[in-house]
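What follows is data35.cif (mmCIF, C-alpha atoms and all ligand atoms).
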data_input
#
loop_
_atom_site.label_atom_id
_atom_site.label_comp_id
_atom_site.auth_asym_id
_atom_site.auth_seq_id
_atom_site.Cartn_x
_atom_site.Cartn_y
_atom_site.Cartn_z
CA MET A 21 57.60 -15.17 -61.21
CA SER A 22 58.25 -14.58 -57.57
CA GLU A 23 55.83 -13.85 -54.77
CA ILE A 24 56.06 -12.15 -51.41
CA ILE A 25 53.36 -12.58 -48.80
CA ASN A 26 53.40 -10.33 -45.72
CA VAL A 27 52.24 -12.05 -42.57
CA SER A 28 50.86 -10.15 -39.57
CA TRP A 29 50.73 -11.48 -36.04
CA LYS A 30 48.34 -10.01 -33.51
CA ASN A 31 47.56 -7.28 -36.06
CA GLU A 32 51.22 -6.15 -36.37
CA PRO A 33 53.27 -6.73 -39.56
CA CYS A 34 55.52 -9.63 -38.64
CA TYR A 35 57.44 -11.39 -41.42
CA ASP A 36 57.57 -12.13 -45.14
CA ILE A 37 57.06 -15.39 -46.94
CA VAL A 38 59.15 -15.21 -50.10
CA ILE A 39 58.43 -17.77 -52.82
CA GLU A 40 61.16 -18.27 -55.46
CA ASN A 41 62.55 -21.04 -57.61
CA SER A 42 66.18 -20.50 -56.60
CA TRP A 43 68.26 -19.27 -53.65
CA ASP A 44 69.24 -16.12 -55.56
CA LYS A 45 67.26 -13.64 -53.47
CA LEU A 46 68.02 -15.14 -50.06
CA LYS A 47 70.94 -12.81 -49.44
CA SER A 48 68.98 -9.65 -50.20
CA CYS A 49 66.04 -10.88 -48.11
CA LEU A 50 68.39 -11.03 -45.11
CA SER A 51 69.89 -7.59 -45.65
CA GLU A 52 67.64 -5.89 -43.09
CA PHE A 53 68.81 -8.20 -40.27
CA ASP A 54 72.24 -6.73 -39.64
CA THR A 55 73.80 -10.13 -40.29
CA ALA A 56 77.45 -8.95 -40.39
CA LYS A 57 77.48 -8.85 -36.58
CA ARG A 58 75.71 -12.15 -36.07
CA LYS A 59 76.46 -15.87 -36.05
CA VAL A 60 74.04 -18.31 -37.67
CA CYS A 61 73.48 -22.03 -37.17
CA ILE A 62 72.01 -23.93 -40.12
CA VAL A 63 69.90 -26.69 -38.58
CA THR A 64 69.34 -29.50 -41.06
CA GLU A 65 69.06 -33.27 -41.32
CA SER A 66 70.75 -36.18 -43.03
CA ASN A 67 68.54 -36.28 -46.18
CA VAL A 68 68.32 -32.56 -46.85
CA GLY A 69 71.77 -31.41 -45.72
CA PRO A 70 73.70 -33.21 -48.49
CA HIS A 71 71.55 -31.49 -51.16
CA PHE A 72 71.48 -27.89 -49.95
CA ALA A 73 73.59 -27.17 -46.86
CA THR A 74 76.80 -26.33 -48.75
CA LYS A 75 74.99 -23.82 -50.96
CA ILE A 76 73.32 -22.15 -47.97
CA ARG A 77 76.60 -22.09 -46.07
CA THR A 78 78.27 -20.31 -49.00
CA ILE A 79 75.50 -17.71 -49.16
CA PHE A 80 75.61 -17.17 -45.39
CA GLU A 81 79.41 -16.97 -45.23
CA ASP A 82 79.21 -13.84 -47.36
CA ILE A 83 76.91 -12.01 -44.99
CA PHE A 84 77.16 -13.50 -41.47
CA ASP A 85 80.02 -13.18 -38.99
CA LYS A 86 80.17 -16.97 -38.54
CA VAL A 87 78.27 -19.99 -39.91
CA ILE A 88 77.93 -23.41 -38.28
CA ILE A 89 75.88 -26.43 -39.35
CA PHE A 90 74.00 -28.74 -36.98
CA GLU A 91 72.88 -31.89 -38.82
CA PHE A 92 70.70 -34.55 -37.19
CA PRO A 93 69.38 -37.92 -38.47
CA ALA A 94 66.32 -37.35 -40.72
CA GLY A 95 62.86 -38.32 -39.53
CA GLU A 96 60.23 -37.86 -36.85
CA LYS A 97 62.28 -40.06 -34.47
CA SER A 98 64.69 -37.14 -34.05
CA LYS A 99 61.95 -34.68 -33.07
CA ASN A 100 62.51 -34.91 -29.33
CA LEU A 101 64.06 -33.10 -26.39
CA ASP A 102 67.27 -35.17 -26.57
CA MET A 103 68.03 -33.77 -30.02
CA ILE A 104 67.11 -30.26 -28.87
CA SER A 105 69.53 -30.68 -26.01
CA GLU A 106 72.31 -31.63 -28.48
CA LEU A 107 71.50 -28.52 -30.47
CA TYR A 108 71.66 -26.34 -27.31
CA GLU A 109 75.08 -27.86 -26.57
CA ALA A 110 76.37 -27.07 -30.06
CA LEU A 111 75.17 -23.47 -29.69
CA ILE A 112 76.73 -23.08 -26.24
CA LYS A 113 80.03 -24.54 -27.49
CA GLU A 114 80.12 -21.97 -30.31
CA HIS A 115 79.20 -19.13 -27.90
CA PHE A 116 75.86 -18.31 -29.53
CA ASP A 117 74.28 -15.37 -27.74
CA ARG A 118 70.91 -13.58 -27.92
CA ASN A 119 71.97 -11.69 -31.02
CA ASP A 120 72.62 -14.86 -33.07
CA MET A 121 70.24 -16.78 -35.28
CA LEU A 122 69.07 -20.22 -36.36
CA ALA A 123 68.08 -21.24 -39.90
CA ALA A 124 65.83 -24.28 -40.36
CA LEU A 125 66.77 -26.07 -43.59
CA GLY A 126 64.48 -29.06 -44.10
CA GLY A 127 60.92 -30.30 -43.79
CA GLY A 128 58.41 -29.89 -40.98
CA VAL A 129 60.50 -31.90 -38.52
CA THR A 130 63.45 -29.51 -38.93
CA GLY A 131 61.21 -26.42 -38.84
CA ASP A 132 59.37 -27.49 -35.69
CA MET A 133 62.60 -28.39 -33.86
CA THR A 134 64.53 -25.31 -34.92
CA GLY A 135 61.63 -23.03 -34.03
CA PHE A 136 61.36 -24.66 -30.60
CA ALA A 137 65.10 -24.30 -29.96
CA ALA A 138 64.88 -20.66 -31.11
CA ALA A 139 61.93 -20.04 -28.77
CA THR A 140 63.77 -21.40 -25.75
CA TYR A 141 67.54 -20.92 -26.16
CA LEU A 142 68.49 -17.94 -23.96
CA ARG A 143 64.73 -17.23 -23.64
CA GLY A 144 64.45 -16.74 -27.38
CA ILE A 145 66.63 -15.93 -30.38
CA ASP A 146 65.71 -15.16 -34.00
CA PHE A 147 65.19 -17.86 -36.59
CA ILE A 148 64.29 -18.20 -40.26
CA GLN A 149 62.61 -21.00 -42.16
CA LEU A 150 64.00 -22.51 -45.38
CA PRO A 151 61.37 -25.25 -45.87
CA THR A 152 62.21 -28.01 -48.36
CA SER A 153 59.26 -30.45 -48.27
CA LEU A 154 55.89 -29.58 -49.84
CA LEU A 155 54.19 -30.04 -46.46
CA SER A 156 56.56 -27.60 -44.79
CA GLN A 157 56.27 -25.07 -47.63
CA VAL A 158 52.46 -24.99 -47.64
CA ASP A 159 51.72 -25.66 -44.00
CA SER A 160 54.18 -26.07 -41.13
CA SER A 161 56.54 -23.14 -41.87
CA VAL A 162 53.65 -20.66 -41.62
CA GLY A 163 51.78 -19.93 -38.41
CA GLY A 164 54.43 -20.01 -35.71
CA LYS A 165 53.69 -23.36 -34.09
CA THR A 166 56.89 -25.10 -33.00
CA GLY A 167 57.59 -28.11 -30.84
CA VAL A 168 58.78 -31.66 -30.32
CA ASP A 169 57.29 -35.05 -29.51
CA PHE A 170 57.55 -36.28 -25.93
CA LYS A 171 57.55 -39.92 -24.77
CA GLY A 172 55.59 -40.98 -27.85
CA TYR A 173 53.07 -38.12 -27.65
CA LYS A 174 53.18 -36.03 -30.82
CA ASN A 175 53.91 -32.30 -30.52
CA MET A 176 53.38 -32.52 -26.76
CA VAL A 177 55.93 -29.85 -25.84
CA GLY A 178 56.16 -26.62 -27.78
CA ALA A 179 55.89 -22.88 -28.09
CA PHE A 180 54.56 -20.24 -30.42
CA LYS A 181 57.49 -18.54 -32.13
CA GLN A 182 57.26 -16.51 -35.32
CA PRO A 183 60.18 -16.71 -37.75
CA LYS A 184 61.85 -13.54 -39.10
CA LEU A 185 61.55 -14.82 -42.66
CA VAL A 186 60.18 -17.80 -44.55
CA TYR A 187 62.14 -18.25 -47.78
CA ILE A 188 60.66 -20.96 -49.98
CA ASN A 189 62.75 -22.23 -52.88
CA THR A 190 60.36 -24.49 -54.82
CA GLU A 191 63.34 -25.94 -56.70
CA THR A 192 64.09 -27.96 -53.53
CA LEU A 193 60.97 -30.02 -54.29
CA MET A 194 62.80 -31.63 -57.23
CA THR A 195 64.75 -33.89 -54.88
CA LEU A 196 61.73 -34.70 -52.71
CA GLY A 197 60.40 -38.26 -53.28
CA ASP A 198 57.12 -38.54 -55.22
CA ARG A 199 55.24 -40.11 -52.33
CA GLU A 200 56.30 -37.30 -49.94
CA PHE A 201 55.38 -34.72 -52.57
CA LEU A 202 51.89 -36.14 -53.15
CA SER A 203 51.37 -36.49 -49.41
CA GLY A 204 51.92 -32.71 -49.17
CA MET A 205 49.18 -32.34 -51.79
CA GLY A 206 46.75 -33.64 -49.16
CA GLU A 207 47.19 -30.36 -47.25
CA VAL A 208 47.03 -28.30 -50.47
CA ILE A 209 43.70 -29.88 -51.47
CA LYS A 210 42.46 -29.29 -47.91
CA TYR A 211 42.75 -25.50 -48.40
CA GLY A 212 40.39 -25.72 -51.39
CA PHE A 213 37.84 -27.73 -49.42
CA ILE A 214 37.79 -25.34 -46.46
CA LYS A 215 38.38 -21.97 -48.17
CA ASP A 216 37.87 -21.86 -51.92
CA ARG A 217 35.91 -24.02 -54.35
CA LEU A 218 37.63 -22.29 -57.30
CA PHE A 219 41.03 -23.41 -56.00
CA LEU A 220 39.80 -27.02 -56.24
CA ASP A 221 38.95 -26.41 -59.91
CA TRP A 222 42.37 -24.80 -60.43
CA LEU A 223 44.08 -27.87 -58.93
CA LYS A 224 42.05 -30.15 -61.18
CA ASP A 225 42.89 -28.08 -64.29
CA ASN A 226 46.60 -28.02 -63.43
CA LYS A 227 46.92 -31.57 -62.20
CA ASP A 228 49.46 -32.74 -64.79
CA ALA A 229 51.67 -29.67 -64.42
CA ILE A 230 51.62 -30.07 -60.62
CA ILE A 231 52.46 -33.78 -60.69
CA ASN A 232 55.25 -33.02 -63.20
CA LYS A 233 56.49 -30.29 -60.82
CA GLU A 234 56.40 -27.51 -63.43
CA HIS A 235 57.99 -24.41 -61.96
CA SER A 236 55.45 -21.66 -62.51
CA VAL A 237 52.50 -23.82 -61.45
CA LEU A 238 54.33 -25.04 -58.33
CA GLU A 239 55.15 -21.48 -57.31
CA GLU A 240 51.58 -20.37 -57.82
CA MET A 241 50.23 -23.34 -55.88
CA VAL A 242 52.63 -22.86 -52.96
CA ALA A 243 51.89 -19.10 -52.86
CA LYS A 244 48.12 -19.64 -52.89
CA SER A 245 48.43 -22.27 -50.14
CA CYS A 246 50.60 -20.06 -47.93
CA ASP A 247 48.11 -17.28 -48.38
CA PHE A 248 45.20 -19.48 -47.30
CA LYS A 249 47.12 -20.45 -44.18
CA ARG A 250 48.12 -16.82 -43.54
CA VAL A 251 44.50 -15.66 -43.65
CA VAL A 252 43.32 -18.38 -41.27
CA VAL A 253 46.17 -17.81 -38.81
CA GLU A 254 45.89 -14.01 -38.88
CA ASN A 255 42.15 -14.18 -38.23
CA ASP A 256 42.64 -16.41 -35.24
CA PHE A 257 45.93 -16.08 -33.39
CA THR A 258 44.35 -17.26 -30.14
CA GLU A 259 43.24 -20.49 -31.82
CA LYS A 260 39.66 -20.13 -30.64
CA GLY A 261 37.88 -20.40 -33.96
CA GLU A 262 38.83 -20.44 -37.62
CA ARG A 263 42.24 -22.06 -37.11
CA ALA A 264 40.39 -25.22 -36.16
CA HIS A 265 39.19 -25.43 -39.78
CA LEU A 266 42.75 -26.44 -40.69
CA ASN A 267 41.95 -29.71 -38.95
CA PHE A 268 39.58 -30.68 -41.75
CA GLY A 269 40.29 -34.36 -42.49
CA HIS A 270 42.60 -34.58 -39.47
CA THR A 271 40.25 -35.94 -36.79
CA ILE A 272 39.69 -39.24 -38.57
CA GLY A 273 43.04 -38.84 -40.39
CA HIS A 274 45.09 -38.85 -37.17
CA SER A 275 43.23 -41.86 -35.87
CA VAL A 276 43.82 -43.76 -39.14
CA GLU A 277 47.51 -42.75 -38.95
CA LYS A 278 47.77 -44.43 -35.52
CA ALA A 279 45.62 -47.44 -36.42
CA LYS A 280 47.90 -48.10 -39.42
CA ASN A 281 51.00 -47.79 -37.21
CA PHE A 282 52.29 -44.79 -39.19
CA GLU A 283 52.74 -46.95 -42.34
CA LEU A 284 50.82 -44.29 -44.28
CA LEU A 285 52.19 -40.76 -44.60
CA HIS A 286 50.42 -37.89 -42.85
CA GLY A 287 48.95 -36.37 -46.04
CA GLU A 288 47.70 -39.79 -47.15
CA CYS A 289 45.81 -40.15 -43.86
CA VAL A 290 44.48 -36.60 -44.20
CA ALA A 291 43.20 -37.54 -47.68
CA ILE A 292 41.36 -40.55 -46.19
CA GLY A 293 40.06 -38.35 -43.35
CA MET A 294 38.82 -35.76 -45.84
CA ALA A 295 36.93 -38.46 -47.76
CA ALA A 296 35.20 -39.48 -44.51
CA ALA A 297 34.43 -35.86 -43.61
CA LEU A 298 32.93 -35.30 -47.07
CA ARG A 299 30.69 -38.33 -46.53
CA ILE A 300 29.58 -37.10 -43.11
CA SER A 301 28.97 -33.57 -44.46
CA CYS A 302 26.75 -35.11 -47.13
CA ASP A 303 24.89 -37.27 -44.59
CA CYS A 304 24.24 -34.06 -42.64
CA GLY A 305 22.74 -32.51 -45.78
CA LYS A 306 25.47 -29.86 -46.11
CA VAL A 307 27.07 -31.00 -49.37
CA THR A 308 25.54 -32.87 -52.31
CA GLU A 309 26.38 -36.34 -53.60
CA GLU A 310 27.92 -34.58 -56.64
CA ASP A 311 30.19 -32.59 -54.32
CA VAL A 312 31.32 -35.80 -52.62
CA ALA A 313 32.03 -37.44 -55.99
CA TYR A 314 33.92 -34.34 -57.16
CA GLY A 315 36.02 -34.21 -53.97
CA ILE A 316 36.81 -37.93 -53.97
CA ASN A 317 37.84 -37.81 -57.63
CA LEU A 318 40.10 -34.83 -57.06
CA ILE A 319 41.87 -36.58 -54.17
CA LYS A 320 42.35 -39.66 -56.36
CA GLU A 321 43.68 -37.56 -59.27
CA PHE A 322 46.71 -36.82 -57.07
CA ASN A 323 47.20 -40.53 -56.38
CA LEU A 324 46.13 -40.13 -52.78
CA PRO A 325 44.09 -42.84 -51.04
CA VAL A 326 40.43 -42.36 -50.07
CA ASN A 327 40.08 -45.66 -48.20
CA THR A 328 42.15 -48.30 -46.45
CA SER A 329 41.59 -51.49 -44.48
CA ILE A 330 41.17 -50.60 -40.81
CA ASP A 331 39.44 -51.72 -37.65
CA ILE A 332 36.42 -49.39 -37.58
CA GLU A 333 36.00 -49.48 -33.77
CA GLU A 334 39.71 -48.84 -33.24
CA VAL A 335 39.54 -45.73 -35.42
CA TYR A 336 36.46 -44.52 -33.54
CA SER A 337 38.10 -44.92 -30.12
CA GLY A 338 41.23 -43.23 -31.51
CA ILE A 339 39.09 -40.17 -32.28
CA LEU A 340 37.80 -40.07 -28.70
CA ASN A 341 41.40 -39.99 -27.44
CA ASP A 342 42.45 -37.20 -29.82
CA LYS A 343 43.42 -34.00 -28.06
CA LYS A 344 41.12 -31.92 -30.28
CA MET A 345 38.13 -32.41 -28.02
CA ASP A 346 36.19 -29.54 -26.52
CA SER A 347 34.60 -30.15 -23.08
CA GLY A 348 34.28 -33.85 -23.86
CA LYS A 349 32.72 -33.28 -27.29
CA ILE A 350 34.45 -34.17 -30.53
CA LYS A 351 35.19 -31.04 -32.52
CA PHE A 352 34.55 -32.13 -36.08
CA ILE A 353 35.30 -29.97 -39.08
CA LEU A 354 32.68 -30.42 -41.79
CA LEU A 355 31.88 -28.63 -45.03
CA TYR A 356 28.94 -26.41 -45.75
CA GLY A 357 29.31 -26.68 -49.52
CA LEU A 358 32.74 -27.12 -51.12
CA GLY A 359 34.94 -24.19 -50.04
CA ASN A 360 33.25 -23.51 -46.67
CA ALA A 361 34.13 -25.19 -43.39
CA TYR A 362 32.35 -25.15 -40.04
CA ILE A 363 32.79 -26.78 -36.64
CA ASP A 364 30.25 -29.42 -35.61
CA LYS A 365 30.32 -30.57 -31.97
CA ASN A 366 27.09 -32.52 -32.07
CA LEU A 367 27.73 -35.47 -34.33
CA THR A 368 26.37 -38.78 -33.05
CA LYS A 369 28.48 -41.92 -32.85
CA GLU A 370 26.38 -43.33 -35.68
CA GLN A 371 27.14 -40.40 -37.98
CA ILE A 372 30.86 -40.66 -37.29
CA MET A 373 30.81 -44.46 -37.70
CA ASN A 374 29.13 -44.07 -41.10
CA GLY A 375 32.03 -41.86 -42.16
CA ILE A 376 34.58 -44.40 -40.94
CA VAL A 377 32.77 -47.32 -42.60
CA TYR A 378 32.86 -45.33 -45.86
CA ILE A 379 36.66 -45.21 -45.85
CA GLY A 380 37.28 -48.45 -43.98
CA ASN A 381 37.79 -50.90 -46.81
CA GLU A 382 40.59 -51.47 -49.25
CA ASP A 383 39.38 -51.30 -52.92
N1 LIG B 401 54.20 -26.43 -36.98
C1 LIG B 401 53.12 -26.72 -37.66
O1 LIG B 401 52.20 -25.92 -37.79
C2 LIG B 401 53.03 -28.05 -38.32
C3 LIG B 401 51.99 -28.31 -39.25
C4 LIG B 401 51.98 -29.54 -39.89
C5 LIG B 401 52.95 -30.50 -39.62
N2 LIG B 401 53.93 -30.21 -38.69
C6 LIG B 401 54.99 -31.20 -38.41
O2 LIG B 401 55.76 -31.36 -39.60
C7 LIG B 401 56.32 -32.68 -39.61
C8 LIG B 401 56.06 -33.30 -40.95
O3 LIG B 401 56.68 -32.50 -41.94
P1 LIG B 401 57.37 -33.16 -43.22
O4 LIG B 401 56.40 -34.05 -43.89
O5 LIG B 401 58.04 -32.09 -43.97
O6 LIG B 401 58.42 -34.15 -42.50
P2 LIG B 401 60.01 -34.26 -42.62
O7 LIG B 401 60.67 -33.02 -42.20
O8 LIG B 401 60.36 -35.52 -41.91
O9 LIG B 401 60.24 -34.45 -44.18
C9 LIG B 401 59.66 -35.58 -44.83
C10 LIG B 401 60.76 -36.41 -45.53
O10 LIG B 401 61.20 -35.70 -46.67
C11 LIG B 401 62.63 -35.54 -46.63
N3 LIG B 401 62.89 -34.28 -47.31
C12 LIG B 401 62.46 -33.03 -46.97
N4 LIG B 401 62.78 -32.16 -47.92
C13 LIG B 401 63.45 -32.84 -48.88
C14 LIG B 401 64.04 -32.47 -50.12
N5 LIG B 401 63.92 -31.24 -50.61
N6 LIG B 401 64.65 -33.44 -50.84
C15 LIG B 401 64.72 -34.72 -50.38
N7 LIG B 401 64.16 -35.12 -49.23
C16 LIG B 401 63.54 -34.18 -48.48
C17 LIG B 401 62.97 -35.60 -45.17
O11 LIG B 401 64.30 -35.98 -44.96
C18 LIG B 401 62.00 -36.65 -44.67
O12 LIG B 401 62.48 -37.93 -44.95
C19 LIG B 401 55.67 -33.43 -38.46
O13 LIG B 401 56.58 -33.53 -37.40
C20 LIG B 401 54.49 -32.56 -38.07
O14 LIG B 401 54.16 -32.67 -36.70
C21 LIG B 401 53.98 -29.03 -38.07
ZN ZN B 402 48.24 -31.97 -41.47
#
Mind turning the file's structure into structure tokens?
Amino acid sequence: MSEIINVSWKNEPCYDIVIENSWDKLKSCLSEFDTAKRKVCIVTESNVGPHFATKIRTIFEDIFDKVIIFEFPAGEKSKNLDMISELYEALIKEHFDRNDMLAALGGGVTGDMTGFAAATYLRGIDFIQLPTSLLSQVDSSVGGKTGVDFKGYKNMVGAFKQPKLVYINTETLMTLGDREFLSGMGEVIKYGFIKDRLFLDWLKDNKDAIINKEHSVLEEMVAKSCDFKRVVVENDFTEKGERAHLNFGHTIGHSVEKAKNFELLHGECVAIGMAAALRISCDCGKVTEEDVAYGINLIKEFNLPVNTSIDIEEVYSGILNDKKMDSGKIKFILLYGLGNAYIDKNLTKEQIMNGIVYIGNED
């Protein structure tokens, strides 16, 4: 099975997301880009490069005029302007001009950095995404947000830049560590909560196949997730409304991430944040106790946490400092039944605290 999802941007057809379980179709997917006259730089990092860069280089050498590889040390610590500046230098040294391209080969860190360099080098050059982590395949490679961290502030500097192609080879997930993989499931489950109750049931029914990384189920799951993100992003390219729903679980999740000093992975914190948001939604009378129990169980089925020991007040003040505030009010994403999200700007401190208390203890 293979899937192609067409993404529009500002109501114009923009790029394809191709979901495959090999690199076999990558060459043909690039055929429309006149590659014979262009140079390409594969941007990758120290964990991913050793697995896939040689293969991609071989494919590219057949179709591009010249191929170079820029490899940086893996991890969020590299996602900064210093590393971007090293990338600019490599491109200048190899005489990259406006006609040349970048290819992001890696997880969300690589995609965000490569997209940002592509948005800014010579006022913008083309780039493609070859995402290799589950998080990057279902979330960060779609939607056109790019950027880097700045002086400890996450994603503080960035640009919108749409790729020319997102080519997802789900086979790359085989080398991804189990904890990273399950962390990506946090974002996958999120789509069910905010968009589609039936998708939650599908995840539950296919849990074993997903955890065992069975090909056809992985492809279907990644394709469904990309499509959820596509719909949200296409409906809201100015980020005024529906795109905020993607922050479900993230308001408390981000604050937990900081309070735990980034010991927990992003998707694990999102899982905890979703558990709190389910509780608050129920306290507001929008979902039933059965819905909460169903949601919590589903999160746990994928070995994701729904609670952790934290300082409750610290997590609350972390939320107040989060940049997702609107005119001084916290923009909270809650559920109106499983599968429907809405924005609530009127929660009281007590309501939020109840949500934090719910997740604030280790089992
Ligand atoms: N642009 C967006 O819309 C958006 C959305 C969500 C997250 N993000 C960003 O994405 C980043 C997180 O993404 P991530 O979790 O992919 O981080 P990441 O790129 O650091 O990858 C996570 C880990 O997995 C390793 N890895 C990736 N693919 C692998 C593979 N196939 N085999 C073995 N190891 C592999 C990486 O080396 C790294 O250690 C954050 O910087 C976040 O801000 C961006
Ligand atoms: Zn997230």
- Query: With distances taken over all atoms listed in the file, which of A:Ser301, A:Asn281, A:Asn323, A:Asn31 is nearest to A:Met205?
  - Reply: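 So, comparing all the options, the nearest one is A:Asn323.
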- Quote the spacing between atom CA of A:Phe248 and atom CA of A:Leu50 in Å to one decimal place. 24.8 Å
- Query: Taking only C-alpha atoms and all ligand atoms into account, which residues are within 8 Å of ligand LIG 401 (chain B), as number ranges by chain?
  - Reply: A: 65-68, 71, 94-96, 99, 126-132, 151-156, 159-168, 174-175, 192-197, 200, 203-204, 285-286
Please, which residues in chain A fall within 9 Å of ligand ZN 402 (chain B) when counting all atoms listed in the file, and what is the closest atom pair and distance in Å to one decimal for each, ordered by chain then residue number, as CSV?
residue,atom,partner,partner_atom,distance
A:Leu155,CA,B:ZN402,ZN,8.0
A:Asp159,CA,B:ZN402,ZN,7.6
A:Ser160,CA,B:ZN402,ZN,8.4
A:Gly204,CA,B:ZN402,ZN,8.6
A:Gly206,CA,B:ZN402,ZN,8.0
A:Glu207,CA,B:ZN402,ZN,6.1
A:Leu266,CA,B:ZN402,ZN,7.8
A:Asn267,CA,B:ZN402,ZN,7.1
A:Phe268,CA,B:ZN402,ZN,8.8
A:Gly269,CA,B:ZN402,ZN,8.4
A:His270,CA,B:ZN402,ZN,6.5
A:Gly273,CA,B:ZN402,ZN,8.7
A:His274,CA,B:ZN402,ZN,8.7
A:His286,CA,B:ZN402,ZN,6.5
A:Gly287,CA,B:ZN402,ZN,6.4
A:Cys289,CA,B:ZN402,ZN,8.9
A:Val290,CA,B:ZN402,ZN,6.6
Based on the selection just made, write C-alpha atoms of those residues as a compact mmCIF listing (two decimals), in the coordinates of the input.
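The file below, again.txt, is the result:
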# COMPACT_ATOMS: atom_id res chain seq x y z
CA LEU A 155 54.19 -30.04 -46.46
CA ASP A 159 51.72 -25.66 -44.00
CA SER A 160 54.18 -26.07 -41.13
CA GLY A 204 51.92 -32.71 -49.17
CA GLY A 206 46.75 -33.64 -49.16
CA GLU A 207 47.19 -30.36 -47.25
CA LEU A 266 42.75 -26.44 -40.69
CA ASN A 267 41.95 -29.71 -38.95
CA PHE A 268 39.58 -30.68 -41.75
CA GLY A 269 40.29 -34.36 -42.49
CA HIS A 270 42.60 -34.58 -39.47
CA GLY A 273 43.04 -38.84 -40.39
CA HIS A 274 45.09 -38.85 -37.17
CA HIS A 286 50.42 -37.89 -42.85
CA GLY A 287 48.95 -36.37 -46.04
CA CYS A 289 45.81 -40.15 -43.86
CA VAL A 290 44.48 -36.60 -44.20
- Query: Do you know which residues lie at most 8 Å from (42.5, -46.2, -47.5), with coordinates as in the file and all atoms listed in the file counted, and could you write them as a ChimeraX atom specification?
  - Reply: /A:289,292,325-329,379-382
Report the closest atom pair, with its distance in Å rounded to one decimal, for each residue of stretch 35-60 of chain A that has an atom no farther than 12 Å from stretch 21-26 of chain A; count all atoms listed in the file, sort by chain and then rising residue number, and write it as a tab-separated table.
residue	atom	partner	partner_atom	distance
A:Tyr35	CA	A:Asn26	CA	6.0
A:Asp36	CA	A:Asn26	CA	4.6
A:Ile37	CA	A:Ile25	CA	5.0
A:Val38	CA	A:Ile24	CA	4.5
A:Ile39	CA	A:Glu23	CA	5.1
A:Glu40	CA	A:Ser22	CA	5.2
A:Asn41	CA	A:Ser22	CA	7.8
A:Ser42	CA	A:Ser22	CA	9.9
A:Trp43	CA	A:Ser22	CA	11.7
A:Asp44	CA	A:Ser22	CA	11.3
A:Lys45	CA	A:Ser22	CA	9.9
A:Cys49	CA	A:Ile24	CA	10.6
- Excluding A:Phe219 and residues on its chain fewer than 6 positions from it, collect all residues at most 9 Å away from it, counting all atoms listed in the file, and give them as JSON, numbers by chain. {"A": [209, 211, 212, 213, 244, 359]}
- Which of these, A:Asp256, A:Gly69, A:Phe136, A:Ile76, has the shortest distance to A:Phe90 once you count all atoms listed in the file?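 The shortest atom-to-atom distance to A:Phe90 comes from A:Gly69.
Minimum distance to A:Cys246 across A:Ile104, A:Lys320, A:Val27, A:Leu223 (counting all atoms listed in the file) occurs at A:Val27.
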- Query: What separation in Å, quoted to one decimal, exists between atom CA of A:Tyr336 and atom CA of A:Ile300?
  - Reply: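 These two atoms are separated by 13.9 Å.
The gap separating atom CA of A:Leu107 from atom CA of A:Asn119 is 16.8 Å, in Å to one decimal.
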- Query: Contacts of A:Gly135 at 9 Å or less, counting only C-alpha atoms, minus same-chain residues fewer than 5 places along, as a list in words?
  - Reply: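 Near A:Gly135, the qualifying residues are Leu122, Ala123, Ala124, Thr130, Thr140, Asp146, Phe147, Ile148, Gln149, Gly164, Lys165, Thr166, Gly167, Ala179, Phe180, Lys181, Gln182 and Pro183 of chain A.
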- Write out as a VMD selection string which residues come within 9 Å of A:Asp85 when counting all atoms listed in the file, dropping same-chain ones fewer than 3 positions away. chain A and resid 55 to 60 80 to 82
Residue subset to file, keeping C-alpha atoms, as a PDB file, keeping the file's coordinate frame:
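Writing the result to selection.pdb gives the following:
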ATOM      1  CA  THR A  55      73.800 -10.130 -40.290  1.00  0.00           C
ATOM      2  CA  ALA A  56      77.450  -8.950 -40.390  1.00  0.00           C
ATOM      3  CA  LYS A  57      77.480  -8.850 -36.580  1.00  0.00           C
ATOM      4  CA  ARG A  58      75.710 -12.150 -36.070  1.00  0.00           C
ATOM      5  CA  LYS A  59      76.460 -15.870 -36.050  1.00  0.00           C
ATOM      6  CA  VAL A  60      74.040 -18.310 -37.670  1.00  0.00           C
ATOM      7  CA  PHE A  80      75.610 -17.170 -45.390  1.00  0.00           C
ATOM      8  CA  GLU A  81      79.410 -16.970 -45.230  1.00  0.00           C
ATOM      9  CA  ASP A  82      79.210 -13.840 -47.360  1.00  0.00           C
TER      10      ASP A  82
END
- Task: Could you tell me which of A:Ala296, A:Leu101, A:Val63, A:Ile214 comes closest to A:Ile88 if we count all atoms listed in the file?
- Result: A:Val63
Report, as AutoDock Vina command-line options, the axis-aligned box around all atoms of stretch 52-67 of chain A present in the file, extended by 5 Å on each side; give centre and edge lengths in Å to one decimal place.
--center_x 72.6 --center_y -21.1 --center_z -41.1 --size_x 19.8 --size_y 40.4 --size_z 20.1
- Item | Surrounding residues of A:Asp117 excluding itself and chain neighbours under 4 positions, 9 Å, only C-alpha atoms, as a ChimeraX atom specification | /A:59,111-112,121,141-142,145
- Between A:Cys302, A:Thr271, A:Val87, A:Val335, single out the one closest to A:Tyr356, counting all atoms listed in the file.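 Result for the nearest residue to A:Tyr356: A:Cys302.
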